[in-house]
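Peer 1: Could you have a look at this structure, given as structure tokens, before my questions?
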Amino acid sequence: MIDVSRRQILQSGGAAGLLLLPGGAARAAPTWNGPPPEPGASIRVLRWKQFIQAEFDSFVANTKKFADQTGVKVRVDAESWDDIRPKSAVAANVGAGPDVIFGTLDDPFKFSEKLLDLTDLAEYLGDKYGGWYPVARKYGIHDKRWIALPDGATGGCMNYRISTMRAAGFDEFPKDTAGYLKLCQGLKKAGKPPGFALGHATGDANGWCQWCLWAFGGKTVDDNNNVVIDSPETVAALEYAKQLYGTYIDGVLSWLDPSNNKAFLADQISLTLNGISIYTVAKNSPDPALNAIAADMDHANMPIGPVGRPTEQQNILNTYAYTYTKYPNAVREYLRFMWEKPQVDYWETQSNGYIAPPLPAWNDNPIWTADPKVTPFRDVLKYALDDGYSGALGAASAAVMGDFVVVDMFAEACTGNKSPKDAAHDAAERVKRFYSA
Amino acid sequence: MASNAPAYRAARTIPTRRGLAFRLLDDRNFLGVALIAPAAAFLLVFLAYPLGLGFWLGMTDASIGQPGRFIGLRNFISLAHDSVFWLSVFNTLLYTVVASALKFALGLYLALLLNRRLPLKSLVRAIVLLPFVTPTVLSAIAFWWIYDPQFSIISWSLIKLGLIHQYIDFLGSPWNARWSVIAANVWRGIPFVAITLLAGLQTISPSLYEAATLDGAGPWQRFRFVTLPMLSPIIAVVMTFSVLLTFTDFQLIYAITRGGPINATQLMATLSYERAITGGRLGEGAAIADAMVPFLLAAILFSYFGLQRRRWQQGSRD
């Protein structure tokens, strides 16, 4: 029984379109028929430590709302990105720890048998909110079973200074790799170069190196997990990256994830790959110099390479729950509540669009359009590929990423430490070790 | 009479029990075993078991969430063909040898200085200890800023002094990065060596120096033939610990470089973590950790037995 008027449907924005048949007649909105939480349930949630305080506060407020409505006690702990991974691994191994983990990327694929089956919940959410983006499905499903719920991505976009881009002779951000290289060269000439991490920076270095590799048709493995990174396409990507590297600010070889934020906010670079955090910090700062940077900066999606389609790599946020939980119903109900649009809208609004949606029906939040500088972040999951592309996600893809094989390959080729051909060949040897095991 | 029977029986049995307890407590063999048992159990549970488990894991294909199966030496054979592993072995040896040597030389020098009559001696000694008492992660983050290619205080100062014209890329090339992390480790480790050697220096009787001076020994000869031999047992212990701590260092590297750039500062400890936890291959990570053991044993045996040789202590050669 659906008690929703057409007016209410239309007021709910983008989701409305999903509830309308092509002919305009309203169809039944999916309903959740999961069991209620167990009496006296108490769950522990571990999530990544916030970069934006308001994002964390709104997350906690949503959680409190759930606790008030259901009587389920929820404890929320937060740890840095890098600490979530070992803790989730230990929890899987010992069979004790947090009931729910808000983690990242393909972590749940390393211990998929230890995770609660979320298929019914994921299908309900997909049906209700317009269907998961393909990359979100890839990060959620293992062996035809949903083992995780993607909650979006801390979307990475090109962060650039408008004035320096214009000084470099561009009125708008280039959409292809050829124009992008010219822009980088122009920015260097204009005295404020680009800066992209090439150290062991999990998010930033992988972000631009994987994009570049895929943009030229290179990839670590093919659809059948055969190692194919030693290819002419990879060499072409490395040759291109070498030219980009020549335009970068000094020292990027040692950059970790926070380095580009510091350099951009210190007015030392005019272009980098980052989430919305640089803009948010600059905009909300009491320092007029930072406000001026916010006013002079904008964002763009990654340029498209010779393959002719977007090839972005994004830091997907992935949430999973363990089978050892004593309260699986409470866990599912908590996740459902947090993924429902009213909670998501509040969370996204408070965090100024920090998390890019995995479901298209979440896109109608005014936060994505009120400030046009935020809009590019909304769509990153439309354009993203998964870390194991084009093979399967799993232990091998996680190991290749964890070992920084692609980043090291780019670093070796960019610095001239190895020729692009040798770098690609050596990277293939490293990748084979993980895929042959 | 009947009501007194239980009391009577108790009176008869108690001396028997007490007698057994007393006999056991009087037995030196039993007492020895009983007293050592708690310590042995502690060592077994908290040292032997984790060590054994580490070796076992190294011979399995265990991954996160999966128990794994026994695969013999396959992890080690695979690592033997892994260029990153061998680079980490080289980096670890370089890091340990250079940093330990510098820590010893500078620590000994500092200890000799602090052993002299100094104004505000206690305050100076407390200051020297500061790097050691600062949490490692905190000092690592401080070095991360000190070495930052854009914000380094060292580069900024040198530019202001007109000595250089562009920022030094401390971590941006493989060899710069290696020397930089070694310098951070030396800074952190010197106080431990200096303060421990200072304690050793203060146990040397002044009469030995007086006798040597009366015999015409100069400062170098007093150091060479009195200080060094008397200090060598302490040096053996200090350097054993120093080498162990340096060889297994993790925090400094992880906070400053994460093993980069291009694995130039990847140590065996950081690679073990990266493979086991980040990459999810527990068996391979454990195998890398196991591969550290022979190096550690060799270092311990060398410094402990070598430096404790009586001939060395007496100042003569082998």
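Residues are named by chain letter and number: chains run A, B, ... in the order of the structure tokens, numbers start at 1 in each chain, and ligands are numbered from 1 in the order shown.
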Near Phe434 of chain A, counting only C-alpha atoms, which residues have an atom at most 9 Å away, once you skip same-chain residues fewer than 3 positions from it, shown as a PyMOL selection string?

Peer 2: chain A and resi 395-397+399-400+430-431+437

Peer 1: Quick one: everything within 8 Å of Thr278 of chain B, counting only C-alpha atoms, minus sequence neighbours fewer than 6 positions away in the same chain. Send it as an NGL selection string.

Peer 2: :A and (85-86 or 398-399 or 402-403)

Peer 1: For chain A, list the residues within 6 Å of chain B, counting only C-alpha atoms, and write the list as a PyMOL selection string.

Peer 2: chain A and resi 86+89+92-93+111+199-200+251+253-254+398-399+402+408

Peer 1: Atom CA of Lys283 of chain A and atom CA of Phe377 of chain A are how many Å apart?

Peer 2: 16.4 Å

Peer 1: Could you pull out the residues in segment 158-378 of chain A that DSSP calls alpha helix (DSSP H) from the backbone, as a ChimeraX atom specification?

Peer 2: /A:162-167,177-189,204-215,232-245,259-265,277-284,288-295,328-339,341-350,367-370,375-378

Peer 1: Could the residues in this selection be saved with C-alpha atoms as a compact mmCIF listing (two decimals), in the first residue's frame?

Peer 2:
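In the end it all went to selection-v4.txt:
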# COMPACT_ATOMS: atom_id res chain seq x y z
CA ILE A 162 40.78 30.30 -12.53
CA SER A 163 43.14 33.26 -12.88
CA THR A 164 46.20 31.08 -13.58
CA MET A 165 44.26 28.98 -16.08
CA ARG A 166 43.32 32.17 -17.93
CA ALA A 167 46.92 33.38 -17.75
CA THR A 177 44.37 14.87 -22.46
CA ALA A 178 46.03 16.81 -25.29
CA GLY A 179 44.53 20.11 -24.13
CA TYR A 180 45.24 19.20 -20.54
CA LEU A 181 48.97 18.81 -21.19
CA LYS A 182 49.02 22.22 -22.86
CA LEU A 183 47.25 23.69 -19.84
CA CYS A 184 49.84 22.20 -17.45
CA GLN A 185 52.66 23.60 -19.56
CA GLY A 186 50.93 26.99 -19.56
CA LEU A 187 50.44 26.93 -15.79
CA LYS A 188 54.14 26.30 -15.30
CA LYS A 189 55.01 29.19 -17.58
CA ASP A 204 45.99 11.24 -4.53
CA ALA A 205 48.81 9.33 -6.22
CA ASN A 206 46.66 6.35 -7.17
CA GLY A 207 43.96 8.76 -8.33
CA TRP A 208 45.88 10.47 -11.09
CA CYS A 209 48.18 7.58 -12.03
CA GLN A 210 45.32 5.11 -12.53
CA TRP A 211 43.35 7.75 -14.46
CA CYS A 212 46.31 8.32 -16.78
CA LEU A 213 46.96 4.60 -17.28
CA TRP A 214 43.31 3.90 -18.15
CA ALA A 215 42.92 7.05 -20.25
CA PRO A 232 52.12 -0.17 -25.79
CA GLU A 233 49.12 1.60 -24.21
CA THR A 234 50.86 1.67 -20.83
CA VAL A 235 54.05 2.97 -22.42
CA ALA A 236 52.02 5.72 -24.13
CA ALA A 237 50.49 6.65 -20.77
CA LEU A 238 53.94 6.79 -19.19
CA GLU A 239 55.36 8.93 -22.00
CA TYR A 240 52.46 11.32 -21.52
CA ALA A 241 52.87 11.36 -17.73
CA LYS A 242 56.55 12.12 -18.15
CA GLN A 243 55.62 15.29 -19.99
CA LEU A 244 53.13 16.19 -17.28
CA TYR A 245 55.75 15.57 -14.58
CA SER A 259 50.79 17.56 0.71
CA ASN A 260 48.78 18.96 -2.20
CA ASN A 261 46.19 20.50 0.13
CA LYS A 262 48.95 22.38 1.92
CA ALA A 263 50.60 23.55 -1.30
CA PHE A 264 47.33 24.67 -2.91
CA LEU A 265 46.21 26.60 0.16
CA SER A 277 38.09 19.72 1.16
CA ILE A 278 40.49 22.37 -0.21
CA TYR A 279 37.58 24.52 -1.36
CA THR A 280 35.63 24.03 1.87
CA VAL A 281 38.59 24.94 4.04
CA ALA A 282 39.41 28.02 1.93
CA LYS A 283 35.81 29.18 1.76
CA ASN A 284 35.10 28.82 5.47
CA PRO A 288 40.86 36.63 3.74
CA ALA A 289 43.79 35.22 1.75
CA LEU A 290 42.19 31.78 1.79
CA ASN A 291 38.77 33.26 0.96
CA ALA A 292 40.41 34.84 -2.10
CA ILE A 293 41.75 31.42 -3.15
CA ALA A 294 38.25 29.95 -2.79
CA ALA A 295 36.82 32.71 -4.95
CA PRO A 328 22.04 -8.58 12.25
CA ASN A 329 18.52 -7.15 12.03
CA ALA A 330 19.52 -4.02 13.93
CA VAL A 331 22.56 -3.66 11.68
CA ARG A 332 20.48 -3.92 8.49
CA GLU A 333 17.88 -1.52 9.84
CA TYR A 334 20.60 0.96 10.82
CA LEU A 335 22.16 0.80 7.37
CA ARG A 336 18.78 1.17 5.70
CA PHE A 337 17.98 4.20 7.83
CA MET A 338 21.32 5.86 7.07
CA TRP A 339 20.90 5.23 3.31
CA LYS A 341 17.20 10.00 1.37
CA PRO A 342 16.13 12.27 4.28
CA GLN A 343 19.24 11.24 6.24
CA VAL A 344 21.47 11.37 3.18
CA ASP A 345 20.20 14.82 2.22
CA TYR A 346 20.92 16.18 5.70
CA TRP A 347 24.37 14.58 5.74
CA GLU A 348 25.29 15.84 2.24
CA THR A 349 24.02 19.34 2.97
CA GLN A 350 25.92 19.63 6.21
CA ILE A 367 23.81 21.31 -2.36
CA TRP A 368 25.10 20.02 -5.70
CA THR A 369 23.79 22.99 -7.67
CA ALA A 370 23.51 25.87 -5.18
CA THR A 375 28.61 20.29 -9.15
CA PRO A 376 31.51 18.35 -10.78
CA PHE A 377 31.89 16.30 -7.59
CA ARG A 378 28.31 15.07 -7.84

Peer 1: From segment 6-158 of chain A, collect each residue whose DSSP state is strand (DSSP E) and return the set as a ChimeraX atom specification.

Peer 2: /A:42-48,73-79,100-104,141-142,145-146,149-153,157-158

Peer 1: So that I can check the surroundings of Ile235 of chain B, please list as an NGL selection string every protein, DNA and RNA residue that reaches within 8 Å of it, counting only C-alpha atoms and ignoring chain neighbours fewer than 3 positions away.

Peer 2: :B and (197 or 231-232 or 238-239 or 307)

Peer 1: Quick one: residues within 10 Å of Asn115 of chain B, only C-alpha atoms, excluding same-chain residues fewer than 2 positions away - as a compact mmCIF listing (two decimals) with N, CA, C and O atoms, in the first residue's frame?

Peer 2:
# COMPACT_ATOMS: atom_id res chain seq x y z
N TYR B 109 80.16 10.52 22.18
CA TYR B 109 80.73 11.87 22.27
C TYR B 109 79.91 12.71 23.26
O TYR B 109 80.47 13.39 24.13
N LEU B 110 78.61 12.62 23.16
CA LEU B 110 77.72 13.38 24.04
C LEU B 110 77.86 12.91 25.48
O LEU B 110 77.89 13.72 26.42
N ALA B 111 77.98 11.59 25.66
CA ALA B 111 78.13 11.04 27.01
C ALA B 111 79.42 11.55 27.65
O ALA B 111 79.45 11.91 28.82
N LEU B 112 80.51 11.58 26.86
CA LEU B 112 81.79 12.08 27.39
C LEU B 112 81.67 13.55 27.79
O LEU B 112 82.20 13.97 28.82
N LEU B 113 80.97 14.32 26.96
CA LEU B 113 80.78 15.74 27.29
C LEU B 113 79.96 15.90 28.56
O LEU B 113 80.30 16.69 29.44
N ARG B 117 82.33 18.25 34.25
CA ARG B 117 81.64 19.21 35.11
C ARG B 117 81.02 20.30 34.23
O ARG B 117 81.74 21.02 33.55
N LEU B 118 79.73 20.34 34.22
CA LEU B 118 79.04 21.33 33.38
C LEU B 118 78.13 22.17 34.27
O LEU B 118 77.55 21.65 35.23
N LYS B 121 74.12 20.89 34.97
CA LYS B 121 74.30 19.55 34.42
C LYS B 121 72.98 18.76 34.32
O LYS B 121 72.67 18.15 33.30
N ARG B 125 71.16 17.36 30.90
CA ARG B 125 70.88 15.92 30.71
C ARG B 125 69.40 15.70 30.41
O ARG B 125 69.04 14.85 29.59
N ILE B 195 72.71 8.61 27.21
CA ILE B 195 72.39 8.53 28.64
C ILE B 195 72.84 7.20 29.23
O ILE B 195 73.36 7.13 30.34
N LEU B 197 75.33 5.28 28.11
CA LEU B 197 76.79 5.28 28.20
C LEU B 197 77.25 6.20 29.32
O LEU B 197 78.27 5.93 29.98
N LEU B 198 76.52 7.28 29.54
CA LEU B 198 76.87 8.19 30.63
C LEU B 198 76.78 7.45 31.96
O LEU B 198 77.65 7.61 32.84
N ALA B 199 75.75 6.65 32.12
CA ALA B 199 75.61 5.85 33.35
C ALA B 199 76.81 4.93 33.49
O ALA B 199 77.35 4.76 34.59
N LEU B 201 79.83 5.43 32.21
CA LEU B 201 81.03 6.24 32.49
C LEU B 201 81.13 6.58 33.97
O LEU B 201 82.24 6.64 34.53
N GLN B 202 79.99 6.77 34.59
CA GLN B 202 80.01 7.18 36.00
C GLN B 202 80.34 6.04 36.95
O GLN B 202 80.54 6.27 38.13

Peer 1: Can you pull out every residue within 7 Å of Ala300 of chain A, counting only C-alpha atoms, but drop anything in the same chain fewer than 2 positions away, and send it as a PyMOL selection string?

Peer 2: chain A and resi 157-159+173+302+376

Peer 1: With distances taken over only C-alpha atoms, which residue among A:Asp222, A:Asp83, A:Asp106, A:Asp151 lies nearest Ser390 of chain A?

Peer 2: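 Once distances to Ser390 of chain A are computed over only C-alpha atoms, the minimum belongs to A:Asp222.
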
Peer 1: In Å, with one decimal, what is the gap from atom CA of Ala142 of chain B to atom CA of Gly189 of chain B?

Peer 2: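 About the pair atom CA of Ala142 of chain B and atom CA of Gly189 of chain B: they are 15.4 Å apart.
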
Peer 1: Fewer than 4 positions away in the same chain doesn't count, so skip those; otherwise give me all residues within 6 Å of Val45 of chain A, counting only C-alpha atoms, as JSON, numbers by chain.

Peer 2: {"A": [75, 76, 98, 100, 101]}

Peer 1: What does the distance between atom CA of Pro135 of chain B and atom CA of Leu106 of chain B come to in Å, to one decimal place?

Peer 2: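 So the two atoms, atom CA of Pro135 of chain B and atom CA of Leu106 of chain B, lie 21.4 Å apart.
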
Peer 1: Fewer than 5 positions away in the same chain doesn't count, so skip those; otherwise give me all residues within 8 Å of segment 420-428 of chain A, counting only C-alpha atoms, as a list in words.

Peer 2: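 The filter keeps Thr220, Val227, Val228, Ile229, Asp230, Ser231, Thr234, Val235, Leu238, Glu239, Val405, Val406, Met409, Phe410, Glu412 and Ala413 of chain A.
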
Peer 1: How would the residues just picked look written out with C-alpha atoms as a tab-separated table (two decimals), in the first residue's frame?

Peer 2:
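This is the output file out38.tsv:
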chain	number	residue	atom	x	y	z
A	220	THR	CA	46.90	-3.98	-15.00
A	227	VAL	CA	48.32	-9.44	-16.52
A	228	VAL	CA	48.45	-7.00	-19.44
A	229	ILE	CA	50.13	-3.94	-17.97
A	230	ASP	CA	53.26	-4.38	-20.09
A	231	SER	CA	51.64	-2.96	-23.21
A	234	THR	CA	50.86	1.67	-20.83
A	235	VAL	CA	54.05	2.97	-22.42
A	238	LEU	CA	53.94	6.79	-19.19
A	239	GLU	CA	55.36	8.93	-22.00
A	405	VAL	CA	52.75	-0.92	-8.17
A	406	VAL	CA	51.15	1.55	-10.61
A	409	MET	CA	55.77	2.56	-12.24
A	410	PHE	CA	54.76	6.15	-12.99
A	412	GLU	CA	60.12	5.50	-12.14
A	413	ALA	CA	59.17	6.56	-15.66
